[in-house]
>>> print(open('query-v2.cif').read())   # mmCIF, C-alpha atoms and all ligand atoms
data_work
#
loop_
_atom_site.label_atom_id
_atom_site.label_comp_id
_atom_site.auth_asym_id
_atom_site.auth_seq_id
_atom_site.Cartn_x
_atom_site.Cartn_y
_atom_site.Cartn_z
CA MET A 17 -28.94 7.21 5.12
CA GLY A 18 -31.76 5.35 3.42
CA THR A 19 -34.25 3.02 4.99
CA GLY A 20 -32.95 -0.11 6.63
CA GLN A 21 -29.58 1.42 7.47
CA SER A 22 -28.34 2.43 10.86
CA SER A 23 -25.02 3.38 12.40
CA SER A 24 -24.41 -0.34 12.90
CA SER A 25 -24.88 -1.20 9.20
CA PRO A 26 -21.92 -2.89 7.56
CA VAL A 27 -19.94 -1.21 4.78
CA VAL A 28 -18.10 -2.60 1.75
CA GLY A 29 -14.40 -1.98 1.17
CA VAL A 30 -12.98 -2.34 -2.34
CA ASP A 31 -9.32 -2.60 -3.27
CA LEU A 32 -8.92 -1.69 -6.95
CA GLY A 33 -5.62 -2.96 -8.32
CA GLY A 34 -4.14 -3.23 -11.78
CA THR A 35 -4.73 -7.01 -11.92
CA LYS A 36 -7.49 -7.72 -9.40
CA ILE A 37 -10.47 -6.15 -7.63
CA SER A 38 -11.09 -7.31 -4.06
CA ALA A 39 -14.29 -6.47 -2.19
CA ALA A 40 -15.25 -7.27 1.39
CA VAL A 41 -18.29 -6.60 3.55
CA VAL A 42 -16.96 -5.35 6.87
CA SER A 43 -18.79 -4.94 10.18
CA ARG A 44 -18.48 -1.76 12.27
CA ALA A 45 -16.07 -3.70 14.50
CA GLY A 46 -13.73 -4.35 11.55
CA LYS A 47 -14.68 -7.99 10.99
CA ILE A 48 -14.86 -9.32 7.41
CA LEU A 49 -18.32 -10.85 6.85
CA GLY A 50 -18.06 -11.79 3.18
CA ARG A 51 -15.79 -11.37 0.17
CA ALA A 52 -15.56 -11.37 -3.61
CA ARG A 53 -12.66 -11.13 -6.00
CA LYS A 54 -12.59 -10.41 -9.72
CA ARG A 55 -9.90 -9.84 -12.30
CA THR A 56 -9.63 -6.14 -13.19
CA LYS A 57 -9.27 -6.69 -16.96
CA ALA A 58 -8.01 -3.11 -17.31
CA HIS A 59 -7.42 -3.60 -21.04
CA LEU A 60 -11.21 -3.72 -21.59
CA GLY A 61 -11.49 -0.04 -20.60
CA ALA A 62 -12.88 2.03 -17.74
CA ALA A 63 -16.59 1.26 -18.33
CA GLU A 64 -15.99 -2.51 -18.07
CA VAL A 65 -13.82 -2.11 -14.95
CA LEU A 66 -16.51 0.06 -13.31
CA ALA A 67 -19.10 -2.65 -14.03
CA ARG A 68 -16.79 -5.26 -12.50
CA ILE A 69 -16.36 -3.16 -9.34
CA SER A 70 -20.14 -2.95 -8.88
CA LEU A 71 -20.44 -6.69 -9.50
CA ALA A 72 -17.72 -7.44 -6.93
CA VAL A 73 -19.58 -5.32 -4.34
CA ARG A 74 -22.87 -7.15 -5.01
CA GLN A 75 -21.17 -10.57 -4.85
CA ALA A 76 -19.43 -9.71 -1.56
CA ALA A 77 -22.82 -8.68 -0.14
CA GLU A 78 -24.30 -11.99 -1.31
CA ASP A 79 -21.40 -13.88 0.26
CA ALA A 80 -22.07 -12.07 3.55
CA GLU A 81 -25.83 -12.67 3.18
CA THR A 82 -26.31 -8.91 3.55
CA PRO A 83 -28.97 -7.30 1.33
CA MET A 84 -27.54 -4.33 -0.61
CA ALA A 85 -30.19 -2.12 1.07
CA LYS A 86 -28.46 -2.79 4.40
CA VAL A 87 -25.04 -1.65 3.18
CA ALA A 88 -24.36 1.87 4.49
CA ALA A 89 -21.60 2.91 2.09
CA VAL A 90 -18.77 1.70 -0.14
CA GLY A 91 -15.14 2.77 0.17
CA ILE A 92 -12.69 2.26 -2.70
CA GLY A 93 -8.92 2.29 -2.51
CA ALA A 94 -7.50 3.15 -5.91
CA PRO A 95 -4.03 3.75 -7.26
CA GLY A 96 -3.64 7.54 -7.40
CA PRO A 97 -3.36 10.35 -8.10
CA LEU A 98 -6.96 11.10 -7.23
CA ASP A 99 -9.11 13.72 -5.58
CA PRO A 100 -10.67 12.18 -2.43
CA SER A 101 -13.21 15.02 -2.03
CA SER A 102 -14.76 14.54 -5.49
CA GLY A 103 -13.88 10.85 -5.87
CA VAL A 104 -12.32 11.46 -9.29
CA LEU A 105 -9.40 9.27 -10.32
CA LEU A 106 -7.09 11.66 -12.21
CA SER A 107 -4.87 8.98 -13.72
CA ALA A 108 -3.41 5.61 -12.75
CA PRO A 109 -0.21 4.01 -14.03
CA ASN A 110 -1.72 0.50 -13.59
CA LEU A 111 -4.98 1.34 -15.38
CA PRO A 112 -4.07 2.42 -18.91
CA GLY A 113 -6.33 5.04 -20.44
CA TRP A 114 -7.88 6.16 -17.14
CA HIS A 115 -8.01 9.93 -17.00
CA ASP A 116 -10.42 11.96 -14.86
CA VAL A 117 -12.72 8.99 -14.18
CA PRO A 118 -15.51 10.00 -11.72
CA LEU A 119 -15.12 6.71 -9.84
CA ALA A 120 -17.20 7.60 -6.75
CA ARG A 121 -20.12 9.04 -8.73
CA GLU A 122 -20.26 6.19 -11.27
CA ILE A 123 -20.29 3.42 -8.64
CA SER A 124 -22.68 5.36 -6.41
CA GLU A 125 -25.14 5.70 -9.31
CA ALA A 126 -24.82 2.01 -10.17
CA LEU A 127 -25.41 0.81 -6.60
CA GLY A 128 -27.58 3.58 -5.14
CA ILE A 129 -25.42 4.10 -2.04
CA PRO A 130 -22.73 6.62 -1.07
CA VAL A 131 -19.22 5.82 -2.37
CA TYR A 132 -15.93 7.31 -1.16
CA VAL A 133 -12.52 7.04 -2.80
CA GLU A 134 -9.00 7.39 -1.40
CA ASN A 135 -5.45 6.48 -2.40
CA ASP A 136 -4.87 2.75 -1.83
CA VAL A 137 -1.61 3.15 0.11
CA ASN A 138 -3.22 5.76 2.38
CA LEU A 139 -5.95 3.23 3.12
CA GLY A 140 -3.40 0.49 3.85
CA THR A 141 -1.87 2.88 6.37
CA LEU A 142 -5.28 3.71 7.85
CA SER A 143 -6.16 0.05 8.41
CA GLU A 144 -2.78 -0.71 10.00
CA HIS A 145 -3.40 2.24 12.32
CA VAL A 146 -6.92 1.26 13.37
CA LEU A 147 -6.78 -2.56 13.21
CA GLY A 148 -3.15 -3.61 12.70
CA ALA A 149 0.40 -2.97 13.90
CA GLY A 150 -0.14 0.73 14.68
CA ARG A 151 -3.15 0.32 16.98
CA GLY A 152 -3.16 2.81 19.82
CA THR A 153 -0.62 5.20 18.30
CA LYS A 154 -1.40 8.87 17.69
CA ASP A 155 1.24 9.51 15.02
CA MET A 156 2.25 6.73 12.65
CA VAL A 157 3.82 6.45 9.21
CA GLY A 158 3.16 3.55 6.82
CA VAL A 159 5.93 2.49 4.42
CA PHE A 160 5.01 -0.06 1.75
CA VAL A 161 7.89 -1.54 -0.23
CA GLY A 162 6.74 -3.39 -3.34
CA THR A 163 7.25 -2.83 -7.05
CA GLY A 164 7.27 0.82 -5.97
CA VAL A 165 7.45 2.45 -2.56
CA GLY A 166 4.35 4.13 -1.17
CA GLY A 167 3.34 5.47 2.20
CA GLY A 168 0.77 7.20 4.31
CA LEU A 169 0.71 9.54 7.28
CA ILE A 170 -1.42 9.35 10.39
CA LEU A 171 -1.07 12.53 12.44
CA ASP A 172 -3.10 13.17 15.57
CA GLY A 173 -4.98 9.94 14.91
CA ARG A 174 -6.15 10.96 11.44
CA LEU A 175 -5.07 10.20 7.91
CA ARG A 176 -3.34 13.29 6.51
CA SER A 177 -4.18 13.97 2.89
CA GLY A 178 -2.19 17.17 2.40
CA ALA A 179 -2.84 20.48 0.64
CA ARG A 180 -2.55 18.84 -2.82
CA HIS A 181 -3.79 15.37 -1.72
CA ALA A 182 -0.18 14.24 -2.12
CA ALA A 183 0.91 13.67 1.49
CA GLY A 184 2.70 10.37 1.99
CA GLU A 185 4.47 10.25 -1.39
CA ILE A 186 7.49 9.03 0.53
CA GLY A 187 8.75 6.84 -2.32
CA HIS A 188 9.86 10.00 -4.11
CA MET A 189 11.86 11.48 -1.27
CA VAL A 190 15.40 11.81 -2.66
CA VAL A 191 17.85 9.70 -0.67
CA ALA A 192 20.63 9.40 -3.29
CA ALA A 193 21.06 12.74 -5.08
CA GLY A 194 22.16 12.09 -8.69
CA GLY A 195 21.43 8.38 -8.22
CA PRO A 196 19.54 5.93 -10.48
CA TYR A 197 16.53 7.13 -12.48
CA CYS A 198 13.10 6.63 -10.94
CA GLY A 199 9.80 5.74 -12.67
CA CYS A 200 8.78 9.38 -12.06
CA GLY A 201 11.57 10.53 -14.41
CA ARG A 202 13.75 12.04 -11.70
CA GLN A 203 16.88 10.69 -10.02
CA GLY A 204 17.71 9.20 -6.66
CA CYS A 205 14.21 8.74 -5.22
CA LEU A 206 13.87 6.05 -2.53
CA GLU A 207 11.79 4.03 -5.03
CA ALA A 208 14.73 4.04 -7.47
CA VAL A 209 17.11 2.49 -4.93
CA ALA A 210 14.96 0.44 -2.52
CA SER A 211 11.84 -0.89 -4.30
CA ARG A 212 11.73 -4.51 -5.38
CA THR A 213 12.01 -3.22 -8.96
CA ALA A 214 15.27 -1.45 -8.05
CA MET A 215 16.61 -4.56 -6.31
CA GLU A 216 15.67 -6.63 -9.36
CA ARG A 217 17.55 -4.22 -11.67
CA ASP A 218 20.70 -4.50 -9.53
CA LEU A 219 20.42 -8.29 -9.18
CA ARG A 220 20.11 -8.75 -12.96
CA ALA A 221 23.10 -6.45 -13.52
CA GLY A 222 25.11 -8.46 -10.98
CA ILE A 223 24.23 -11.79 -12.62
CA ALA A 224 25.04 -10.35 -16.07
CA ALA A 225 28.42 -9.27 -14.71
CA GLY A 226 29.10 -12.85 -13.60
CA ARG A 227 28.67 -12.36 -9.85
CA GLU A 228 28.30 -15.45 -7.66
CA SER A 229 24.63 -15.99 -6.73
CA LEU A 230 22.01 -18.57 -5.77
CA LEU A 231 19.42 -16.76 -7.87
CA PRO A 232 19.80 -18.60 -11.21
CA GLU A 233 19.04 -21.79 -9.29
CA LEU A 234 16.08 -20.33 -7.35
CA ALA A 235 14.52 -18.05 -9.95
CA GLY A 236 15.06 -20.02 -13.12
CA PRO A 237 17.68 -19.53 -15.84
CA ARG A 238 16.45 -16.14 -17.09
CA LEU A 239 15.58 -15.03 -13.53
CA LYS A 240 11.91 -15.15 -14.43
CA ARG A 241 10.65 -15.49 -10.87
CA LEU A 242 12.47 -12.79 -8.88
CA THR A 243 9.63 -12.53 -6.36
CA SER A 244 10.01 -11.31 -2.78
CA SER A 245 9.89 -14.87 -1.48
CA VAL A 246 12.65 -15.96 -3.90
CA LEU A 247 14.76 -13.01 -2.75
CA ALA A 248 14.09 -14.00 0.88
CA ARG A 249 15.23 -17.56 0.19
CA ALA A 250 18.41 -16.39 -1.55
CA TRP A 251 19.09 -14.02 1.35
CA LYS A 252 18.59 -16.77 3.94
CA GLY A 253 20.78 -19.10 1.90
CA GLY A 254 23.62 -16.57 2.13
CA CYS A 255 23.69 -15.55 -1.55
CA PRO A 256 26.42 -12.87 -1.62
CA LEU A 257 24.84 -10.86 -4.44
CA THR A 258 21.39 -10.84 -2.79
CA ARG A 259 22.90 -9.88 0.58
CA GLU A 260 24.67 -6.95 -1.05
CA VAL A 261 21.68 -5.71 -3.07
CA VAL A 262 19.05 -6.15 -0.33
CA GLY A 263 21.52 -4.68 2.17
CA ARG A 264 21.91 -1.57 0.00
CA ALA A 265 18.12 -1.14 -0.16
CA GLN A 266 17.95 -1.53 3.63
CA TRP A 267 20.66 1.15 4.01
CA TYR A 268 18.63 3.63 1.96
CA LEU A 269 15.41 2.67 3.78
CA GLY A 270 17.26 3.33 7.05
CA LEU A 271 18.35 6.81 5.92
CA HIS A 272 14.80 7.45 4.80
CA ALA A 273 13.33 6.26 8.12
CA ALA A 274 15.70 8.59 9.99
CA SER A 275 14.59 11.56 7.85
CA ILE A 276 10.94 10.76 8.55
CA VAL A 277 11.62 10.51 12.28
CA ASN A 278 13.74 13.68 12.28
CA LEU A 279 10.85 15.52 10.63
CA LEU A 280 7.81 14.09 12.43
CA ASP A 281 9.00 12.04 15.41
CA PRO A 282 6.08 9.59 15.06
CA GLU A 283 5.52 6.85 17.63
CA MET A 284 5.84 4.13 15.02
CA LEU A 285 6.80 3.35 11.44
CA VAL A 286 4.89 0.38 10.03
CA TYR A 287 6.44 -1.49 7.09
CA GLY A 288 4.33 -3.50 4.66
CA GLY A 289 4.72 -5.05 1.21
CA GLY A 290 6.23 -8.21 -0.18
CA MET A 291 9.78 -7.91 1.18
CA THR A 292 8.60 -7.33 4.77
CA GLU A 293 6.10 -10.18 4.49
CA ALA A 294 8.75 -12.54 3.12
CA MET A 295 11.67 -11.59 5.40
CA GLY A 296 9.95 -10.14 8.49
CA GLU A 297 12.25 -8.91 11.22
CA GLU A 298 15.32 -9.78 9.12
CA PHE A 299 14.27 -7.10 6.64
CA LEU A 300 13.51 -4.55 9.35
CA ALA A 301 16.43 -4.94 11.78
CA PRO A 302 19.13 -3.42 9.50
CA ILE A 303 16.76 -0.56 8.57
CA ARG A 304 16.21 0.18 12.26
CA GLU A 305 19.95 0.09 12.93
CA VAL A 306 20.84 2.53 10.12
CA ALA A 307 17.97 4.82 11.15
CA LEU A 308 19.21 4.88 14.74
CA GLN A 309 22.66 6.02 13.56
CA HIS A 310 21.08 9.03 11.82
CA LEU A 311 18.60 10.30 14.40
CA MET A 312 18.65 13.59 16.24
CA PRO A 313 19.31 13.95 19.05
CA LYS A 314 22.14 11.41 19.01
CA ASP A 315 21.71 8.55 21.49
CA SER A 316 17.95 9.18 21.57
CA ALA A 317 15.53 6.43 22.54
CA PRO A 318 15.12 3.68 19.92
CA ILE A 319 12.31 4.17 17.43
CA ARG A 320 9.51 1.67 16.94
CA LEU A 321 9.67 0.12 13.52
CA ALA A 322 7.17 -2.72 13.09
CA ALA A 323 5.94 -5.10 10.39
CA ALA A 324 2.42 -4.58 9.05
CA LYS A 325 -0.07 -7.16 10.31
CA LEU A 326 -2.99 -7.18 7.90
CA GLY A 327 -1.25 -8.42 4.73
CA ASP A 328 -3.52 -8.55 1.68
CA ASP A 329 -6.56 -7.49 3.75
CA ALA A 330 -5.07 -4.05 4.54
CA GLY A 331 -6.58 -2.63 1.34
CA VAL A 332 -10.21 -3.76 1.74
CA LEU A 333 -10.22 -3.06 5.49
CA GLY A 334 -8.82 0.45 4.94
CA ALA A 335 -11.44 1.11 2.26
CA ALA A 336 -14.15 -0.08 4.66
CA LEU A 337 -12.82 2.22 7.40
CA LEU A 338 -12.92 5.12 4.93
CA ALA A 339 -16.58 4.32 4.16
CA GLN A 340 -17.40 4.12 7.89
CA GLN A 341 -15.66 7.36 8.76
CA ARG A 342 -16.95 9.44 5.86
CA SER A 343 -20.52 8.08 5.94
CA THR A 344 -20.85 9.02 9.61
CA THR A 345 -19.31 12.49 9.28
CA GLU A 346 -21.02 13.69 6.08
ZN ZN A 401 10.57 9.26 -8.09
#
>>> encode(input="query-v2.cif", output="structure tokens")
Amino acid sequence: MGTGQSSSSPVVGVDLGGTKISAAVVSRAGKILGRARKRTKAHLGAAEVLARISLAVRQAAEDAETPMAKVAAVGIGAPGPLDPSSGVLLSAPNLPGWHDVPLAREISEALGIPVYVENDVNLGTLSEHVLGAGRGTKDMVGVFVGTGVGGGLILDGRLRSGARHAAGEIGHMVVAAGGPYCGCGRQGCLEAVASRTAMERDLRAGIAAGRESLLPELAGPRLKRLTSSVLARAWKGGCPLTREVVGRAQWYLGLHAASIVNLLDPEMLVYGGGMTEAMGEEFLAPIREVALQHLMPKDSAPIRLAAAKLGDDAGVLGAALLAQQRSTTE
């Protein structure tokens, strides 16, 4: 650590997404002291995005009235795959043209402080474990259902990265062998049957086939706004097509939850992402029920399946926790 820093110095967490960069100065107690947000502008190339990340960190520090010299470290959550030990982003579907970008080194050189990088969904899981729904658990699994399905594993109180840094790729567990094609090119992954993208595909097919639905009214004539909150409204309004499609996704998520529990028997599964935020317990209850029907041993105690609590802040808080943990252990 340089001068002016101590074990109580704040850190900065950065959530690097395909459309926006969020940065927050976070105290050792997990409190957000200042923030900044910038558009990613990925089309301008990696060098421009790197400059925007550094700028977001500096602006968050200004917002928190914390001089950069007092910031102990920066953590960045990035869409993978990446190598957390070297901080190199290998590629990223949301950041076209990014291959083998030494993200940690570049930002560290620009700011003059240590920078650590980890998969964004792993960091969402980490923050839910330390500060959110999974507080106090030893073993916890995060499941984030959005345009894709991602996850993270906490085992023995620590984020598990895996032998190939690929632990927690739960969206590509096959739950419907021979089923619909997934973005990864294979068939029947959870993501291909339970992500919002998968639900959207099935809803559009249903509307095209003339099925009765509230969606044309709620989402506009060409179903332009099929967001999670629109789906939640259609579901609450009793739209038969939405009930069927969301129900099918919940069925697969339930089978998936049972497989996770049969493998790991964690204390809790924490669900985040747009659908959980929009529907809450109504999204989770059917998943829990299906999971319970597929557990071993039969008639075992109910599993804890909870909604994530940190919402949009999960990313920056998880990145800050990464910076705290790695800057004190290295
Ligand atoms: Zn897949």
>>> atom_distance(input="query-v2.cif", atom1="CA of Thr258 in chain A", atom2="CA of Val306 in chain A")
18.6 Å
>>> residues_around(input="query-v2.cif", residues="Glu298 in chain A", least_positions_apart="4", cutoff="12 Å", atoms="all atoms listed in the file", output="ChimeraX atom specification")
/A:248-249,251-252,259,262-263,266,291-294,302-305,322-323
>>> closest_residue(input="query-v2.cif", among="A:Arg342, A:Asp218, A:Met189, A:Ala273", to="Met156 in chain A", atoms="all atoms listed in the file")
A:Ala273
>>> closest_residue(input="query-v2.cif", among="A:Pro282, A:Gly178, A:Gly187, A:Pro26", to="ligand ZN 401 (chain A)", atoms="all atoms listed in the file")
A:Gly187
>>> closest_residue(input="query-v2.cif", among="A:Pro130, A:Pro97, A:Gly204, A:Pro112", to="ligand ZN 401 (chain A)", atoms="only C-alpha atoms and all ligand atoms")
A:Gly204
>>> build_atoms(input="query-v2.cif", residues="range 103-121 of chain A", atoms="N, CA and C atoms", output="PDB file, keeping the file's coordinate frame")
ATOM      1  N   GLY A 103     -13.884  12.256  -5.484  1.00  0.00           N
ATOM      2  CA  GLY A 103     -13.880  10.850  -5.870  1.00  0.00           C
ATOM      3  C   GLY A 103     -13.486  10.627  -7.322  1.00  0.00           C
ATOM      4  N   VAL A 104     -12.760  11.594  -7.894  1.00  0.00           N
ATOM      5  CA  VAL A 104     -12.320  11.460  -9.290  1.00  0.00           C
ATOM      6  C   VAL A 104     -10.889  10.913  -9.327  1.00  0.00           C
ATOM      7  N   LEU A 105     -10.725   9.846 -10.101  1.00  0.00           N
ATOM      8  CA  LEU A 105      -9.400   9.270 -10.320  1.00  0.00           C
ATOM      9  C   LEU A 105      -8.756  10.036 -11.477  1.00  0.00           C
ATOM     10  N   LEU A 106      -7.685  10.775 -11.191  1.00  0.00           N
ATOM     11  CA  LEU A 106      -7.090  11.660 -12.210  1.00  0.00           C
ATOM     12  C   LEU A 106      -6.337  10.868 -13.259  1.00  0.00           C
ATOM     13  N   SER A 107      -5.543   9.900 -12.801  1.00  0.00           N
ATOM     14  CA  SER A 107      -4.870   8.980 -13.720  1.00  0.00           C
ATOM     15  C   SER A 107      -4.371   7.822 -12.870  1.00  0.00           C
ATOM     16  N   ALA A 108      -3.925   6.745 -13.508  1.00  0.00           N
ATOM     17  CA  ALA A 108      -3.410   5.610 -12.750  1.00  0.00           C
ATOM     18  C   ALA A 108      -2.455   4.828 -13.633  1.00  0.00           C
ATOM     19  N   PRO A 109      -1.208   4.708 -13.204  1.00  0.00           N
ATOM     20  CA  PRO A 109      -0.210   4.010 -14.030  1.00  0.00           C
ATOM     21  C   PRO A 109      -0.614   2.560 -14.342  1.00  0.00           C
ATOM     22  N   ASN A 110      -1.339   1.897 -13.393  1.00  0.00           N
ATOM     23  CA  ASN A 110      -1.720   0.500 -13.590  1.00  0.00           C
ATOM     24  C   ASN A 110      -3.005   0.320 -14.398  1.00  0.00           C
ATOM     25  N   LEU A 111      -3.702   1.418 -14.670  1.00  0.00           N
ATOM     26  CA  LEU A 111      -4.980   1.340 -15.380  1.00  0.00           C
ATOM     27  C   LEU A 111      -4.870   2.216 -16.626  1.00  0.00           C
ATOM     28  N   PRO A 112      -4.346   1.623 -17.711  1.00  0.00           N
ATOM     29  CA  PRO A 112      -4.070   2.420 -18.910  1.00  0.00           C
ATOM     30  C   PRO A 112      -5.327   3.079 -19.449  1.00  0.00           C
ATOM     31  N   GLY A 113      -5.207   4.325 -19.836  1.00  0.00           N
ATOM     32  CA  GLY A 113      -6.330   5.040 -20.440  1.00  0.00           C
ATOM     33  C   GLY A 113      -7.268   5.689 -19.440  1.00  0.00           C
ATOM     34  N   TRP A 114      -7.007   5.529 -18.133  1.00  0.00           N
ATOM     35  CA  TRP A 114      -7.880   6.160 -17.140  1.00  0.00           C
ATOM     36  C   TRP A 114      -7.440   7.588 -16.913  1.00  0.00           C
ATOM     37  N   HIS A 115      -8.285   8.535 -17.293  1.00  0.00           N
ATOM     38  CA  HIS A 115      -8.010   9.930 -17.000  1.00  0.00           C
ATOM     39  C   HIS A 115      -9.304  10.580 -16.539  1.00  0.00           C
ATOM     40  N   ASP A 116      -9.263  11.243 -15.397  1.00  0.00           N
ATOM     41  CA  ASP A 116     -10.420  11.960 -14.860  1.00  0.00           C
ATOM     42  C   ASP A 116     -11.688  11.091 -14.821  1.00  0.00           C
ATOM     43  N   VAL A 117     -11.564   9.885 -14.290  1.00  0.00           N
ATOM     44  CA  VAL A 117     -12.720   8.990 -14.180  1.00  0.00           C
ATOM     45  C   VAL A 117     -13.460   9.300 -12.866  1.00  0.00           C
ATOM     46  N   PRO A 118     -14.756   9.690 -12.948  1.00  0.00           N
ATOM     47  CA  PRO A 118     -15.510  10.000 -11.720  1.00  0.00           C
ATOM     48  C   PRO A 118     -15.938   8.717 -11.006  1.00  0.00           C
ATOM     49  N   LEU A 119     -14.947   8.045 -10.416  1.00  0.00           N
ATOM     50  CA  LEU A 119     -15.120   6.710  -9.840  1.00  0.00           C
ATOM     51  C   LEU A 119     -16.234   6.679  -8.788  1.00  0.00           C
ATOM     52  N   ALA A 120     -16.208   7.609  -7.828  1.00  0.00           N
ATOM     53  CA  ALA A 120     -17.200   7.600  -6.750  1.00  0.00           C
ATOM     54  C   ALA A 120     -18.613   7.786  -7.319  1.00  0.00           C
ATOM     55  N   ARG A 121     -18.784   8.754  -8.222  1.00  0.00           N
ATOM     56  CA  ARG A 121     -20.120   9.040  -8.730  1.00  0.00           C
ATOM     57  C   ARG A 121     -20.664   7.859  -9.555  1.00  0.00           C
TER      58      ARG A 121
END
